[in-house]
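Source file: work_20.csv; contents: CSV, C-alpha atoms (C1' of nucleotides).
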chain,number,residue,atom,x,y,z
X,850,MET,CA,-28.1,-3.1,-18.5
X,851,PRO,CA,-25.4,-5.8,-18.9
X,852,ARG,CA,-23.8,-5.9,-22.4
X,853,ASP,CA,-24.6,-9.5,-22.6
X,854,ALA,CA,-26.4,-12.1,-20.5
X,855,THR,CA,-23.3,-14.2,-19.7
X,856,LEU,CA,-21.2,-13.8,-16.6
X,857,ARG,CA,-17.6,-13.5,-17.6
X,858,LEU,CA,-15.4,-12.3,-14.7
X,859,GLU,CA,-12.9,-10.6,-16.9
X,860,ALA,CA,-15.7,-8.4,-18.3
X,861,TYR,CA,-17.5,-7.9,-15.0
X,862,LEU,CA,-17.3,-4.3,-14.0
X,863,PRO,CA,-17.1,-4.5,-10.2
X,864,TYR,CA,-14.2,-7.0,-10.8
X,865,ARG,CA,-12.4,-4.7,-13.2
X,866,LEU,CA,-12.8,-1.8,-10.9
X,867,SER,CA,-11.4,-3.7,-8.0
X,868,VAL,CA,-8.5,-5.1,-9.9
X,869,ALA,CA,-7.5,-1.7,-11.3
X,870,SER,CA,-7.9,0.0,-7.9
X,871,ASN,CA,-6.0,-2.7,-6.0
X,872,ARG,CA,-3.1,-2.6,-8.4
X,873,ALA,CA,-2.9,1.2,-8.3
X,874,SER,CA,-3.3,1.3,-4.5
X,875,ARG,CA,-0.8,-1.4,-3.9
X,876,TRP,CA,1.7,0.4,-6.0
X,877,VAL,CA,1.3,3.8,-4.4
X,878,ALA,CA,1.0,2.3,-0.9
X,879,ARG,CA,4.4,0.6,-1.4
X,880,SER,CA,6.0,3.8,-2.4
X,881,TYR,CA,4.7,5.7,0.6
X,882,GLU,CA,5.7,3.0,2.9
X,883,ALA,CA,9.1,2.7,1.4
X,884,LYS,CA,9.8,6.4,1.0
X,885,PHE,CA,8.1,7.8,4.1
X,886,GLY,CA,7.1,4.9,6.3
X,887,LEU,CA,3.5,6.0,5.9
X,888,SER,CA,0.5,3.8,5.5
X,889,ILE,CA,-2.2,4.8,3.0
X,890,TRP,CA,-4.3,6.1,5.8
X,891,GLN,CA,-1.6,8.1,7.4
X,892,TRP,CA,-0.8,9.5,4.1
X,893,ARG,CA,-4.5,10.5,3.5
X,894,VAL,CA,-4.6,12.2,6.8
X,895,ILE,CA,-1.5,14.2,6.1
X,896,ALA,CA,-2.7,15.1,2.6
X,897,VAL,CA,-5.9,16.5,4.0
X,898,LEU,CA,-4.4,18.2,7.0
X,899,GLY,CA,-1.8,19.8,4.7
X,900,GLY,CA,-4.5,21.6,2.8
X,901,ALA,CA,-6.9,22.7,5.5
X,902,GLU,CA,-7.0,23.9,9.1
X,903,ARG,CA,-8.8,23.2,12.3
X,904,LEU,CA,-10.1,19.8,11.3
X,905,THR,CA,-11.4,17.3,13.8
X,906,ALA,CA,-11.1,13.6,13.5
X,907,GLN,CA,-14.7,13.6,12.3
X,908,ASP,CA,-13.9,16.1,9.6
X,909,LEU,CA,-11.1,13.9,8.5
X,910,ALA,CA,-13.2,10.8,8.4
X,911,THR,CA,-15.6,12.7,6.1
X,912,ALA,CA,-12.9,14.1,3.9
X,913,THR,CA,-11.0,10.9,3.5
X,914,ALA,CA,-13.9,8.4,3.3
X,915,MET,CA,-12.2,6.5,6.2
X,916,ASP,CA,-14.2,5.3,9.1
X,917,LYS,CA,-13.6,6.8,12.5
X,918,VAL,CA,-11.6,3.9,13.9
X,919,THR,CA,-9.2,4.0,11.0
X,920,VAL,CA,-8.8,7.7,11.4
X,921,SER,CA,-8.2,7.4,15.1
X,922,ARG,CA,-5.5,4.8,14.5
X,923,ALA,CA,-3.8,6.8,11.7
X,924,VAL,CA,-3.9,10.0,13.7
X,925,ASN,CA,-2.5,8.4,16.8
X,926,ALA,CA,0.3,6.9,14.9
X,927,LEU,CA,1.1,10.3,13.4
X,928,ILE,CA,1.0,12.0,16.8
X,929,GLU,CA,3.4,9.4,18.2
X,930,ARG,CA,5.7,10.2,15.3
X,931,GLY,CA,5.4,13.9,16.0
X,932,LEU,CA,3.9,14.7,12.7
X,933,VAL,CA,0.5,15.8,14.0
X,934,ALA,CA,-0.7,17.6,17.1
X,935,ARG,CA,-3.9,17.9,18.9
X,936,LYS,CA,-5.3,21.3,19.8
X,937,LYS,CA,-8.0,21.8,22.3
X,938,HIS,CA,-11.4,22.3,20.9
X,939,GLU,CA,-12.7,25.2,23.0
X,940,SER,CA,-16.4,24.5,22.6
X,941,ASP,CA,-16.5,20.7,22.5
X,942,GLY,CA,-14.6,18.7,25.0
X,943,ARG,CA,-15.1,15.4,23.3
X,944,SER,CA,-13.3,16.5,20.2
X,945,ALA,CA,-10.0,18.2,19.3
X,946,PHE,CA,-8.6,20.0,16.3
X,947,LEU,CA,-5.8,18.3,14.5
X,948,GLU,CA,-3.0,20.0,12.7
X,949,LEU,CA,0.4,19.2,11.2
X,950,THR,CA,3.4,20.0,13.3
X,951,GLY,CA,6.5,21.5,11.7
X,952,PRO,CA,8.0,18.2,10.8
X,953,GLY,CA,4.5,17.1,9.7
X,954,ARG,CA,4.4,20.0,7.3
X,955,SER,CA,7.8,19.1,5.9
X,956,VAL,CA,6.7,15.6,5.3
X,957,TYR,CA,3.6,16.9,3.6
X,958,GLU,CA,5.7,19.1,1.4
X,959,GLU,CA,7.8,16.1,0.4
X,960,VAL,CA,4.9,13.8,0.0
X,961,ALA,CA,2.7,16.0,-2.1
X,962,PRO,CA,4.8,16.2,-5.2
X,963,VAL,CA,5.5,12.5,-5.0
X,964,ALA,CA,1.8,11.8,-4.9
X,965,LEU,CA,1.2,14.0,-7.9
X,966,GLN,CA,3.9,12.3,-9.8
X,967,HIS,CA,2.3,9.0,-9.0
X,968,GLU,CA,-0.9,10.2,-10.4
X,969,ALA,CA,0.8,11.5,-13.5
X,970,ASP,CA,2.6,8.2,-13.9
X,971,LEU,CA,-0.6,6.3,-13.7
X,972,LEU,CA,-2.3,8.5,-16.2
X,973,ASP,CA,0.6,8.8,-18.5
X,974,GLY,CA,-0.8,8.7,-22.0
X,975,PHE,CA,-4.3,9.8,-21.0
X,976,SER,CA,-5.7,12.9,-22.6
X,977,ALA,CA,-7.3,15.6,-20.5
X,978,GLU,CA,-10.7,14.5,-21.9
X,979,GLU,CA,-10.1,11.0,-20.9
X,980,ILE,CA,-9.1,12.0,-17.4
X,981,ASP,CA,-12.2,14.1,-17.1
X,982,GLN,CA,-14.4,11.2,-18.4
X,983,LEU,CA,-12.8,8.8,-16.0
X,984,THR,CA,-13.3,11.1,-13.1
X,985,ALA,CA,-16.9,11.7,-14.0
X,986,LEU,CA,-17.7,8.0,-14.5
X,987,LEU,CA,-16.1,7.0,-11.2
X,988,GLU,CA,-18.0,9.7,-9.4
X,989,ARG,CA,-21.3,8.4,-10.7
X,990,ILE,CA,-20.4,4.8,-9.7
X,991,GLU,CA,-19.4,6.0,-6.3
X,992,LYS,CA,-22.7,7.8,-5.8
X,993,ARG,CA,-24.6,4.9,-7.2
X,994,ALA,CA,-23.0,2.4,-4.9
X,995,GLU,CA,-23.6,4.7,-2.0
X,996,ASP,CA,-27.2,5.1,-2.8
X,997,LEU,CA,-27.7,1.4,-3.3
X,998,ALA,CA,-26.0,0.4,-0.1
X,999,GLY,CA,-26.9,3.3,2.1
X,1000,ASP,CA,-23.4,3.4,3.4
R,70,MET,CA,0.2,15.0,-16.2
R,71,PRO,CA,-1.8,16.3,-13.2
R,72,ARG,CA,-4.5,18.8,-14.0
R,73,ASP,CA,-3.1,21.2,-11.6
R,74,ALA,CA,-0.1,21.3,-9.3
R,75,THR,CA,-2.0,21.1,-6.0
R,76,LEU,CA,-2.7,18.0,-4.1
R,77,ARG,CA,-6.4,17.8,-3.3
R,78,LEU,CA,-7.4,14.4,-2.1
R,79,GLU,CA,-10.9,14.6,-3.5
R,80,ALA,CA,-9.5,15.1,-7.0
R,81,TYR,CA,-6.7,12.6,-6.6
R,82,LEU,CA,-7.3,9.8,-9.0
R,83,PRO,CA,-5.9,6.8,-7.0
R,84,TYR,CA,-8.1,8.0,-4.2
R,85,ARG,CA,-11.2,8.3,-6.3
R,86,LEU,CA,-10.6,4.9,-7.8
R,87,SER,CA,-10.2,3.3,-4.4
R,88,VAL,CA,-13.3,5.0,-3.0
R,89,ALA,CA,-15.5,4.0,-6.0
R,90,SER,CA,-14.1,0.5,-5.9
R,91,ASN,CA,-14.5,0.0,-2.2
R,92,ARG,CA,-18.0,1.3,-2.2
R,93,ALA,CA,-19.0,-1.0,-5.1
R,94,SER,CA,-17.2,-4.0,-3.7
R,95,ARG,CA,-18.6,-3.6,-0.2
R,96,TRP,CA,-22.0,-3.4,-1.6
R,97,VAL,CA,-21.8,-6.5,-3.7
R,98,ALA,CA,-19.8,-8.4,-1.1
R,99,ARG,CA,-22.6,-7.9,1.4
R,100,SER,CA,-25.1,-9.2,-1.0
R,101,TYR,CA,-23.2,-12.4,-1.8
R,102,GLU,CA,-22.6,-12.9,1.9
R,103,ALA,CA,-26.2,-12.4,2.8
R,104,LYS,CA,-27.7,-14.3,0.0
R,105,PHE,CA,-25.3,-17.2,-0.5
R,106,GLY,CA,-22.8,-17.1,2.4
R,107,LEU,CA,-20.0,-16.5,-0.1
R,108,SER,CA,-17.0,-14.3,0.3
R,109,ILE,CA,-15.9,-12.2,-2.7
R,110,TRP,CA,-13.2,-14.7,-3.3
R,111,GLN,CA,-15.3,-17.7,-3.1
R,112,TRP,CA,-17.7,-16.0,-5.4
R,113,ARG,CA,-14.9,-15.3,-7.9
R,114,VAL,CA,-13.8,-18.9,-7.9
R,115,ILE,CA,-17.3,-20.1,-8.5
R,116,ALA,CA,-17.8,-17.6,-11.3
R,117,VAL,CA,-14.7,-18.8,-13.1
R,118,LEU,CA,-15.3,-22.4,-12.5
R,119,GLY,CA,-18.8,-22.1,-13.8
R,120,GLY,CA,-17.6,-20.9,-17.1
R,121,ALA,CA,-14.6,-23.1,-17.7
R,122,GLU,CA,-13.3,-26.6,-17.1
R,123,ARG,CA,-10.3,-28.4,-15.9
R,124,LEU,CA,-8.8,-25.5,-14.1
R,125,THR,CA,-6.0,-25.8,-11.6
R,126,ALA,CA,-5.6,-23.5,-8.6
R,127,GLN,CA,-2.9,-21.8,-10.5
R,128,ASP,CA,-5.2,-21.2,-13.4
R,129,LEU,CA,-7.8,-19.7,-11.0
R,130,ALA,CA,-5.2,-17.4,-9.5
R,131,THR,CA,-4.4,-16.1,-13.0
R,132,ALA,CA,-8.0,-15.7,-14.0
R,133,THR,CA,-9.2,-14.1,-10.8
R,134,ALA,CA,-6.2,-11.9,-10.1
R,135,MET,CA,-6.1,-13.4,-6.6
R,136,ASP,CA,-2.9,-14.7,-5.1
R,137,LYS,CA,-2.4,-18.4,-4.6
R,138,VAL,CA,-2.9,-18.2,-0.9
R,139,THR,CA,-6.3,-16.6,-1.3
R,140,VAL,CA,-7.2,-19.1,-4.0
R,141,SER,CA,-6.2,-21.9,-1.8
R,142,ARG,CA,-8.3,-20.7,1.1
R,143,ALA,CA,-11.3,-19.9,-1.0
R,144,VAL,CA,-11.2,-23.3,-2.8
R,145,ASN,CA,-10.8,-25.2,0.5
R,146,ALA,CA,-13.8,-23.5,2.0
R,147,LEU,CA,-15.8,-24.3,-1.1
R,148,ILE,CA,-14.7,-28.0,-1.0
R,149,GLU,CA,-15.7,-28.2,2.6
R,150,ARG,CA,-19.1,-26.9,1.7
R,151,GLY,CA,-19.3,-29.4,-1.1
R,152,LEU,CA,-19.5,-26.9,-3.9
R,153,VAL,CA,-16.2,-27.7,-5.5
R,154,ALA,CA,-14.4,-30.9,-6.0
R,155,ARG,CA,-10.8,-31.8,-6.7
R,156,LYS,CA,-9.9,-34.2,-9.6
R,157,LYS,CA,-6.6,-35.8,-10.0
R,158,HIS,CA,-4.3,-34.2,-12.4
R,159,GLU,CA,-2.9,-37.2,-14.2
R,160,SER,CA,0.4,-35.7,-15.3
R,161,ASP,CA,1.3,-33.5,-12.4
R,162,GLY,CA,1.0,-34.8,-8.9
R,163,ARG,CA,1.5,-31.4,-7.2
R,164,SER,CA,-1.6,-30.0,-8.8
R,165,ALA,CA,-5.3,-30.9,-9.2
R,166,PHE,CA,-8.1,-29.9,-11.4
R,167,LEU,CA,-11.0,-28.2,-9.7
R,168,GLU,CA,-14.6,-28.3,-10.8
R,169,LEU,CA,-18.0,-27.4,-9.5
R,170,THR,CA,-20.0,-30.2,-8.0
R,171,GLY,CA,-23.8,-30.5,-8.7
R,172,PRO,CA,-24.7,-28.3,-5.8
R,173,GLY,CA,-21.8,-26.0,-6.8
R,174,ARG,CA,-23.3,-25.6,-10.3
R,175,SER,CA,-26.7,-24.8,-8.8
R,176,VAL,CA,-25.2,-22.1,-6.7
R,177,TYR,CA,-23.4,-20.8,-9.8
R,178,GLU,CA,-26.7,-20.7,-11.7
R,179,GLU,CA,-28.3,-18.8,-8.9
R,180,VAL,CA,-25.4,-16.4,-8.4
R,181,ALA,CA,-24.7,-15.5,-12.0
R,182,PRO,CA,-28.0,-13.6,-12.7
R,183,VAL,CA,-27.7,-11.8,-9.3
R,184,ALA,CA,-24.2,-10.7,-10.2
R,185,LEU,CA,-25.3,-9.4,-13.6
R,186,GLN,CA,-28.1,-7.6,-11.9
R,187,HIS,CA,-25.6,-5.9,-9.5
R,188,GLU,CA,-23.6,-4.8,-12.5
R,189,ALA,CA,-26.7,-3.5,-14.2
R,190,ASP,CA,-27.8,-1.7,-11.0
R,191,LEU,CA,-24.4,-0.1,-10.6
R,192,LEU,CA,-24.3,1.0,-14.2
R,193,ASP,CA,-27.9,2.1,-14.3
R,194,GLY,CA,-28.1,5.3,-16.4
R,195,PHE,CA,-24.8,4.6,-18.2
R,196,SER,CA,-24.9,4.5,-22.0
R,197,ALA,CA,-23.2,1.7,-23.8
R,198,GLU,CA,-20.5,4.1,-24.9
R,199,GLU,CA,-19.8,5.2,-21.4
R,200,ILE,CA,-19.5,1.6,-20.2
R,201,ASP,CA,-17.0,0.9,-23.0
R,202,GLN,CA,-15.1,4.0,-22.2
R,203,LEU,CA,-14.9,3.1,-18.6
R,204,THR,CA,-13.9,-0.4,-19.3
R,205,ALA,CA,-11.1,0.7,-21.6
R,206,LEU,CA,-9.8,3.4,-19.2
R,207,LEU,CA,-9.8,1.0,-16.3
R,208,GLU,CA,-7.9,-1.5,-18.4
R,209,ARG,CA,-5.3,1.0,-19.2
R,210,ILE,CA,-4.8,1.9,-15.6
R,211,GLU,CA,-4.6,-1.7,-14.6
R,212,LYS,CA,-1.9,-2.4,-17.1
R,213,ARG,CA,-0.1,0.8,-16.3
R,214,ALA,CA,0.0,0.0,-12.6
R,215,GLU,CA,1.1,-3.5,-13.3
R,216,ASP,CA,4.0,-2.3,-15.4
R,217,LEU,CA,5.0,0.3,-12.9
R,218,ALA,CA,4.9,-2.1,-10.0
R,219,GLY,CA,6.0,-5.3,-11.6
R,220,ASP,CA,3.4,-7.2,-9.8
C,1014,DA,C1',21.0,-40.7,-12.8
C,1015,DC,C1',20.9,-37.5,-9.4
C,1016,DA,C1',21.9,-33.0,-7.0
C,1017,DA,C1',20.1,-28.3,-7.5
C,1018,DT,C1',16.2,-25.4,-8.8
C,1019,DT,C1',11.7,-24.4,-9.7
C,1020,DT,C1',6.8,-24.8,-9.3
C,1021,DA,C1',2.0,-26.1,-6.9
C,1022,DG,C1',-0.2,-25.6,-3.1
C,1023,DT,C1',-0.6,-25.3,2.1
C,1024,DT,C1',0.4,-23.7,6.7
C,1025,DG,C1',1.8,-20.6,10.5
C,1026,DC,C1',2.3,-16.4,12.3
C,1027,DA,C1',2.2,-11.3,12.6
C,1028,DA,C1',0.0,-7.3,11.2
C,1029,DA,C1',-4.1,-4.9,9.4
C,1030,DT,C1',-9.2,-4.4,9.6
C,1031,DG,C1',-14.0,-4.2,10.9
C,1032,DT,C1',-17.5,-4.6,14.3
C,1033,DA,C1',-19.2,-3.8,18.6
C,1034,DA,C1',-18.8,-2.2,23.1
C,1035,DC,C1',-17.3,1.3,25.7
C,1036,DT,C1',-16.2,6.3,28.0
C,1037,DA,C1',-17.0,10.8,28.1
C,1038,DA,C1',-19.0,15.1,26.6
C,1039,DT,C1',-23.0,17.3,24.5
C,1040,DT,C1',-27.7,17.9,23.0
C,1041,DT,C1',-32.6,17.2,23.2
C,1042,DC,C1',-36.7,17.9,25.1
C,1043,DC,C1',-40.1,17.1,28.7
V,170,DG,C1',-32.9,21.1,35.4
V,171,DG,C1',-32.1,16.6,34.5
V,172,DA,C1',-33.0,11.9,32.4
V,173,DA,C1',-32.6,10.0,27.7
V,174,DA,C1',-30.6,10.1,23.5
V,175,DT,C1',-26.7,11.5,20.4
V,176,DT,C1',-22.0,12.3,19.1
V,177,DA,C1',-16.7,12.1,19.3
V,178,DG,C1',-13.3,9.2,19.8
V,179,DT,C1',-10.9,4.9,21.8
V,180,DT,C1',-10.4,0.2,23.1
V,181,DA,C1',-11.1,-4.8,22.8
V,182,DC,C1',-11.8,-8.7,20.2
V,183,DA,C1',-12.5,-11.7,16.4
V,184,DT,C1',-11.6,-12.1,11.5
V,185,DT,C1',-9.1,-11.3,7.4
V,186,DT,C1',-4.9,-10.6,5.1
V,187,DG,C1',-0.3,-11.0,3.4
V,188,DC,C1',4.2,-12.8,3.8
V,189,DA,C1',7.5,-16.2,4.6
V,190,DA,C1',8.5,-20.8,5.4
V,191,DC,C1',7.3,-25.1,4.3
V,192,DT,C1',6.2,-29.9,1.8
V,193,DA,C1',6.0,-32.4,-2.1
V,194,DA,C1',6.4,-33.1,-6.9
V,195,DA,C1',8.5,-31.9,-11.3
V,196,DT,C1',12.1,-30.0,-14.1
V,197,DT,C1',16.8,-28.7,-15.2
V,198,DG,C1',21.6,-29.3,-16.0
V,199,DT,C1',25.6,-31.9,-15.6
Will you turn the file into structure tokens for me?
Amino acid sequence: MPRDATLRLEAYLPYRLSVASNRASRWVARSYEAKFGLSIWQWRVIAVLGGAERLTAQDLATATAMDKVTVSRAVNALIERGLVARKKHESDGRSAFLELTGPGRSVYEEVAPVALQHEADLLDGFSAEEIDQLTALLERIEKRAEDLAGD
Amino acid sequence: MPRDATLRLEAYLPYRLSVASNRASRWVARSYEAKFGLSIWQWRVIAVLGGAERLTAQDLATATAMDKVTVSRAVNALIERGLVARKKHESDGRSAFLELTGPGRSVYEEVAPVALQHEADLLDGFSAEEIDQLTALLERIEKRAEDLAGD
DNA sequence: ACAATTTAGTTGCAAATGTAACTAATTTCC
DNA sequence: GGAAATTAGTTACATTTGCAACTAAATTGT
């Protein structure tokens, strides 16, 4: 239920959400670009590959909420830079497993702390409860939007 | 402070924020596009113009957190569709006041309730406290990201 | 008063994105 | 066993975007 019956953009939740998210994303995106020459999507791929093994592009798409075209492009750029390698998928010839190469893993190990620091910077001054609340609320909105759209 | 020292994308706040926001935005964007043929930016311009008067493009940019190029494009599209009109700014020849035309106002009056309904749908099941919390937390993140980036 | 700077808004161009069409491999199921 | 449908991933194309360069008007400083 809306808090009041008037439409004021500055109090409109989808708007607030998008402004907050865009500001935060732009900020971190610039940092990854500047420090590592990685796009947000390349970064996401590395983040997930760094913490798991034997993932296919499809797995990545699921894990990162990116669509398969975006994954494909990010992965190919990373392969070209030698940070990711394809490994034959023995039982499915359409697909392939993806993994970090040595240099890929070094990048991951450099990126991860920076990423955590970004999060910490963004949440500076938030209590643990507030962080949990925020996470929970975002999760509900996510799910809600997903249900409503059928994405 | 991060809750733990590991980087897991699915628990990474900037990621969560972006997924929630993108899902929500995509959903409402589709609806505005389908129902009114309006892009998100055109919709924002209409929303703000509907609630205020004598705004310049610059004012709109500030109010909508859009950059001036985006505002310019959205406004021009709306002028072409006859929903917005330019009025001479008597004391500054570089600028002009923008306002809804008659048809523009009708669109606004149709759009506003739909927008509020979207918000209500998205927040369905949230208590008033939760909504306030979420708003407050988002606002802090927004400000924080802004400070950090200098946007 | 007038050159130098700043501000409002637009335009042009390159890069990013999304959608749909495509290829190739795999499953389904008759 | 093989045609039809499905799935993984890529490619092609049209649209959107974001940045920088631009025009024109206003402001500043001397």
Closest atom pairs, residues of chain V within 10 Å of stretch 928-949 of chain X, all atoms listed in the file, as a tab-separated table:
residue	atom	partner	partner_atom	distance
V:DT176	C1'	X:Arg943	CA	8.7
V:DA177	C1'	X:Arg943	CA	5.4
V:DG178	C1'	X:Ser944	CA	7.3
Could you write out chain X as a tab-separated table (two decimals) with C-alpha atoms, in the coordinates of the input once it has been least-squares superposed on chain R using every ordered C-alpha pair?
chain	number	residue	atom	x	y	z
X	850	MET	CA	0.24	15.15	-16.26
X	851	PRO	CA	-1.73	16.37	-13.20
X	852	ARG	CA	-4.54	18.86	-14.04
X	853	ASP	CA	-3.12	21.21	-11.57
X	854	ALA	CA	-0.11	21.38	-9.27
X	855	THR	CA	-2.08	21.22	-5.99
X	856	LEU	CA	-2.79	18.05	-4.09
X	857	ARG	CA	-6.46	17.87	-3.34
X	858	LEU	CA	-7.51	14.39	-2.13
X	859	GLU	CA	-10.99	14.64	-3.47
X	860	ALA	CA	-9.54	15.16	-6.98
X	861	TYR	CA	-6.72	12.65	-6.62
X	862	LEU	CA	-7.29	9.80	-8.98
X	863	PRO	CA	-5.89	6.83	-7.05
X	864	TYR	CA	-8.17	8.05	-4.15
X	865	ARG	CA	-11.24	8.28	-6.35
X	866	LEU	CA	-10.59	4.92	-7.80
X	867	SER	CA	-10.25	3.34	-4.43
X	868	VAL	CA	-13.29	4.99	-3.00
X	869	ALA	CA	-15.48	3.99	-5.95
X	870	SER	CA	-14.13	0.42	-5.95
X	871	ASN	CA	-14.47	-0.02	-2.18
X	872	ARG	CA	-18.03	1.19	-2.18
X	873	ALA	CA	-19.00	-1.05	-5.09
X	874	SER	CA	-17.14	-4.06	-3.64
X	875	ARG	CA	-18.53	-3.59	-0.21
X	876	TRP	CA	-21.99	-3.48	-1.59
X	877	VAL	CA	-21.74	-6.56	-3.76
X	878	ALA	CA	-19.73	-8.46	-1.12
X	879	ARG	CA	-22.58	-7.88	1.38
X	880	SER	CA	-25.11	-9.22	-0.99
X	881	TYR	CA	-23.16	-12.38	-1.69
X	882	GLU	CA	-22.54	-12.94	1.89
X	883	ALA	CA	-26.10	-12.34	2.82
X	884	LYS	CA	-27.69	-14.24	-0.04
X	885	PHE	CA	-25.24	-17.11	-0.46
X	886	GLY	CA	-22.83	-17.03	2.45
X	887	LEU	CA	-20.03	-16.52	-0.05
X	888	SER	CA	-17.04	-14.30	0.34
X	889	ILE	CA	-15.87	-12.25	-2.66
X	890	TRP	CA	-13.16	-14.74	-3.29
X	891	GLN	CA	-15.35	-17.74	-3.10
X	892	TRP	CA	-17.70	-16.06	-5.37
X	893	ARG	CA	-14.87	-15.31	-7.92
X	894	VAL	CA	-13.83	-18.87	-7.85
X	895	ILE	CA	-17.30	-20.13	-8.52
X	896	ALA	CA	-17.84	-17.56	-11.28
X	897	VAL	CA	-14.74	-18.74	-13.06
X	898	LEU	CA	-15.24	-22.42	-12.48
X	899	GLY	CA	-18.82	-22.06	-13.75
X	900	GLY	CA	-17.58	-20.94	-17.12
X	901	ALA	CA	-14.60	-23.17	-17.75
X	902	GLU	CA	-13.33	-26.69	-17.15
X	903	ARG	CA	-10.29	-28.46	-15.88
X	904	LEU	CA	-8.79	-25.47	-14.12
X	905	THR	CA	-6.08	-25.79	-11.52
X	906	ALA	CA	-5.66	-23.55	-8.57
X	907	GLN	CA	-2.94	-21.78	-10.54
X	908	ASP	CA	-5.29	-21.20	-13.43
X	909	LEU	CA	-7.74	-19.72	-11.04
X	910	ALA	CA	-5.23	-17.44	-9.44
X	911	THR	CA	-4.44	-16.12	-12.95
X	912	ALA	CA	-8.03	-15.75	-13.97
X	913	THR	CA	-9.18	-14.08	-10.83
X	914	ALA	CA	-6.13	-11.87	-10.08
X	915	MET	CA	-6.06	-13.51	-6.58
X	916	ASP	CA	-2.86	-14.71	-5.13
X	917	LYS	CA	-2.35	-18.40	-4.57
X	918	VAL	CA	-2.93	-18.35	-0.82
X	919	THR	CA	-6.25	-16.63	-1.24
X	920	VAL	CA	-7.26	-19.10	-3.87
X	921	SER	CA	-6.24	-22.03	-1.73
X	922	ARG	CA	-8.31	-20.70	1.16
X	923	ALA	CA	-11.38	-19.96	-1.01
X	924	VAL	CA	-11.19	-23.32	-2.73
X	925	ASN	CA	-10.84	-25.22	0.50
X	926	ALA	CA	-13.76	-23.50	1.97
X	927	LEU	CA	-15.82	-24.37	-1.10
X	928	ILE	CA	-14.74	-28.01	-0.99
X	929	GLU	CA	-15.74	-28.22	2.68
X	930	ARG	CA	-19.12	-26.87	1.66
X	931	GLY	CA	-19.39	-29.42	-1.11
X	932	LEU	CA	-19.56	-26.89	-3.82
X	933	VAL	CA	-16.25	-27.78	-5.48
X	934	ALA	CA	-14.33	-30.99	-6.02
X	935	ARG	CA	-10.83	-31.88	-6.73
X	936	LYS	CA	-9.97	-34.18	-9.61
X	937	LYS	CA	-6.67	-35.85	-9.98
X	938	HIS	CA	-4.32	-34.25	-12.36
X	939	GLU	CA	-2.96	-37.25	-14.26
X	940	SER	CA	0.33	-35.71	-15.36
X	941	ASP	CA	1.21	-33.49	-12.40
X	942	GLY	CA	0.96	-34.80	-8.92
X	943	ARG	CA	1.44	-31.49	-7.24
X	944	SER	CA	-1.64	-30.03	-8.78
X	945	ALA	CA	-5.31	-31.00	-9.23
X	946	PHE	CA	-8.16	-29.92	-11.45
X	947	LEU	CA	-11.00	-28.16	-9.77
X	948	GLU	CA	-14.58	-28.30	-10.82
X	949	LEU	CA	-18.03	-27.41	-9.49
X	950	THR	CA	-20.03	-30.21	-8.00
X	951	GLY	CA	-23.76	-30.47	-8.68
X	952	PRO	CA	-24.73	-28.24	-5.84
X	953	GLY	CA	-21.82	-25.97	-6.84
X	954	ARG	CA	-23.33	-25.64	-10.28
X	955	SER	CA	-26.72	-24.78	-8.82
X	956	VAL	CA	-25.22	-22.11	-6.73
X	957	TYR	CA	-23.43	-20.78	-9.77
X	958	GLU	CA	-26.66	-20.71	-11.67
X	959	GLU	CA	-28.28	-18.71	-8.88
X	960	VAL	CA	-25.36	-16.46	-8.37
X	961	ALA	CA	-24.73	-15.52	-11.95
X	962	PRO	CA	-27.88	-13.62	-12.65
X	963	VAL	CA	-27.62	-11.88	-9.32
X	964	ALA	CA	-24.13	-10.73	-10.19
X	965	LEU	CA	-25.29	-9.43	-13.53
X	966	GLN	CA	-28.08	-7.57	-11.94
X	967	HIS	CA	-25.61	-6.01	-9.58
X	968	GLU	CA	-23.59	-4.84	-12.44
X	969	ALA	CA	-26.64	-3.47	-14.19
X	970	ASP	CA	-27.68	-1.71	-11.01
X	971	LEU	CA	-24.33	-0.10	-10.67
X	972	LEU	CA	-24.31	1.06	-14.23
X	973	ASP	CA	-27.88	2.08	-14.34
X	974	GLY	CA	-28.02	5.25	-16.38
X	975	PHE	CA	-24.75	4.62	-18.21
X	976	SER	CA	-24.83	4.49	-21.96
X	977	ALA	CA	-23.15	1.66	-23.83
X	978	GLU	CA	-20.45	4.16	-24.93
X	979	GLU	CA	-19.81	5.17	-21.44
X	980	ILE	CA	-19.51	1.59	-20.28
X	981	ASP	CA	-17.10	0.88	-23.07
X	982	GLN	CA	-15.03	4.03	-22.20
X	983	LEU	CA	-14.96	3.09	-18.57
X	984	THR	CA	-13.85	-0.40	-19.32
X	985	ALA	CA	-11.15	0.79	-21.64
X	986	LEU	CA	-9.83	3.43	-19.22
X	987	LEU	CA	-9.70	0.99	-16.30
X	988	GLU	CA	-7.88	-1.52	-18.42
X	989	ARG	CA	-5.19	0.98	-19.28
X	990	ILE	CA	-4.80	1.99	-15.59
X	991	GLU	CA	-4.58	-1.62	-14.63
X	992	LYS	CA	-1.84	-2.29	-17.17
X	993	ARG	CA	-0.08	0.87	-16.23
X	994	ALA	CA	-0.03	0.07	-12.56
X	995	GLU	CA	1.17	-3.40	-13.35
X	996	ASP	CA	3.96	-2.17	-15.46
X	997	LEU	CA	5.01	0.40	-12.92
X	998	ALA	CA	5.01	-1.98	-10.02
X	999	GLY	CA	6.06	-5.15	-11.72
X	1000	ASP	CA	3.45	-7.03	-9.82
(request) Extract, using only C-alpha atoms (C1' of nucleotides), all DNA, RNA and protein residues at most 12 Å from C:DA1033, discarding same-chain residues fewer than 6 positions from it, and format them as a list in words. (result)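 So the residues in contact are Val918 of chain X; DT180, DA181, DC182 and DA183 of chain V.
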Mind writing the picked residues with C-alpha atoms (C1' of nucleotides) as a compact mmCIF listing (two decimals), keeping the file's coordinate frame?
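Below you can see again_4.txt, which holds the result:
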# COMPACT_ATOMS: atom_id res chain seq x y z
CA VAL X 918 -11.60 3.90 13.90
C1' DT V 180 -10.40 0.20 23.10
C1' DA V 181 -11.10 -4.80 22.80
C1' DC V 182 -11.80 -8.70 20.20
C1' DA V 183 -12.50 -11.70 16.40
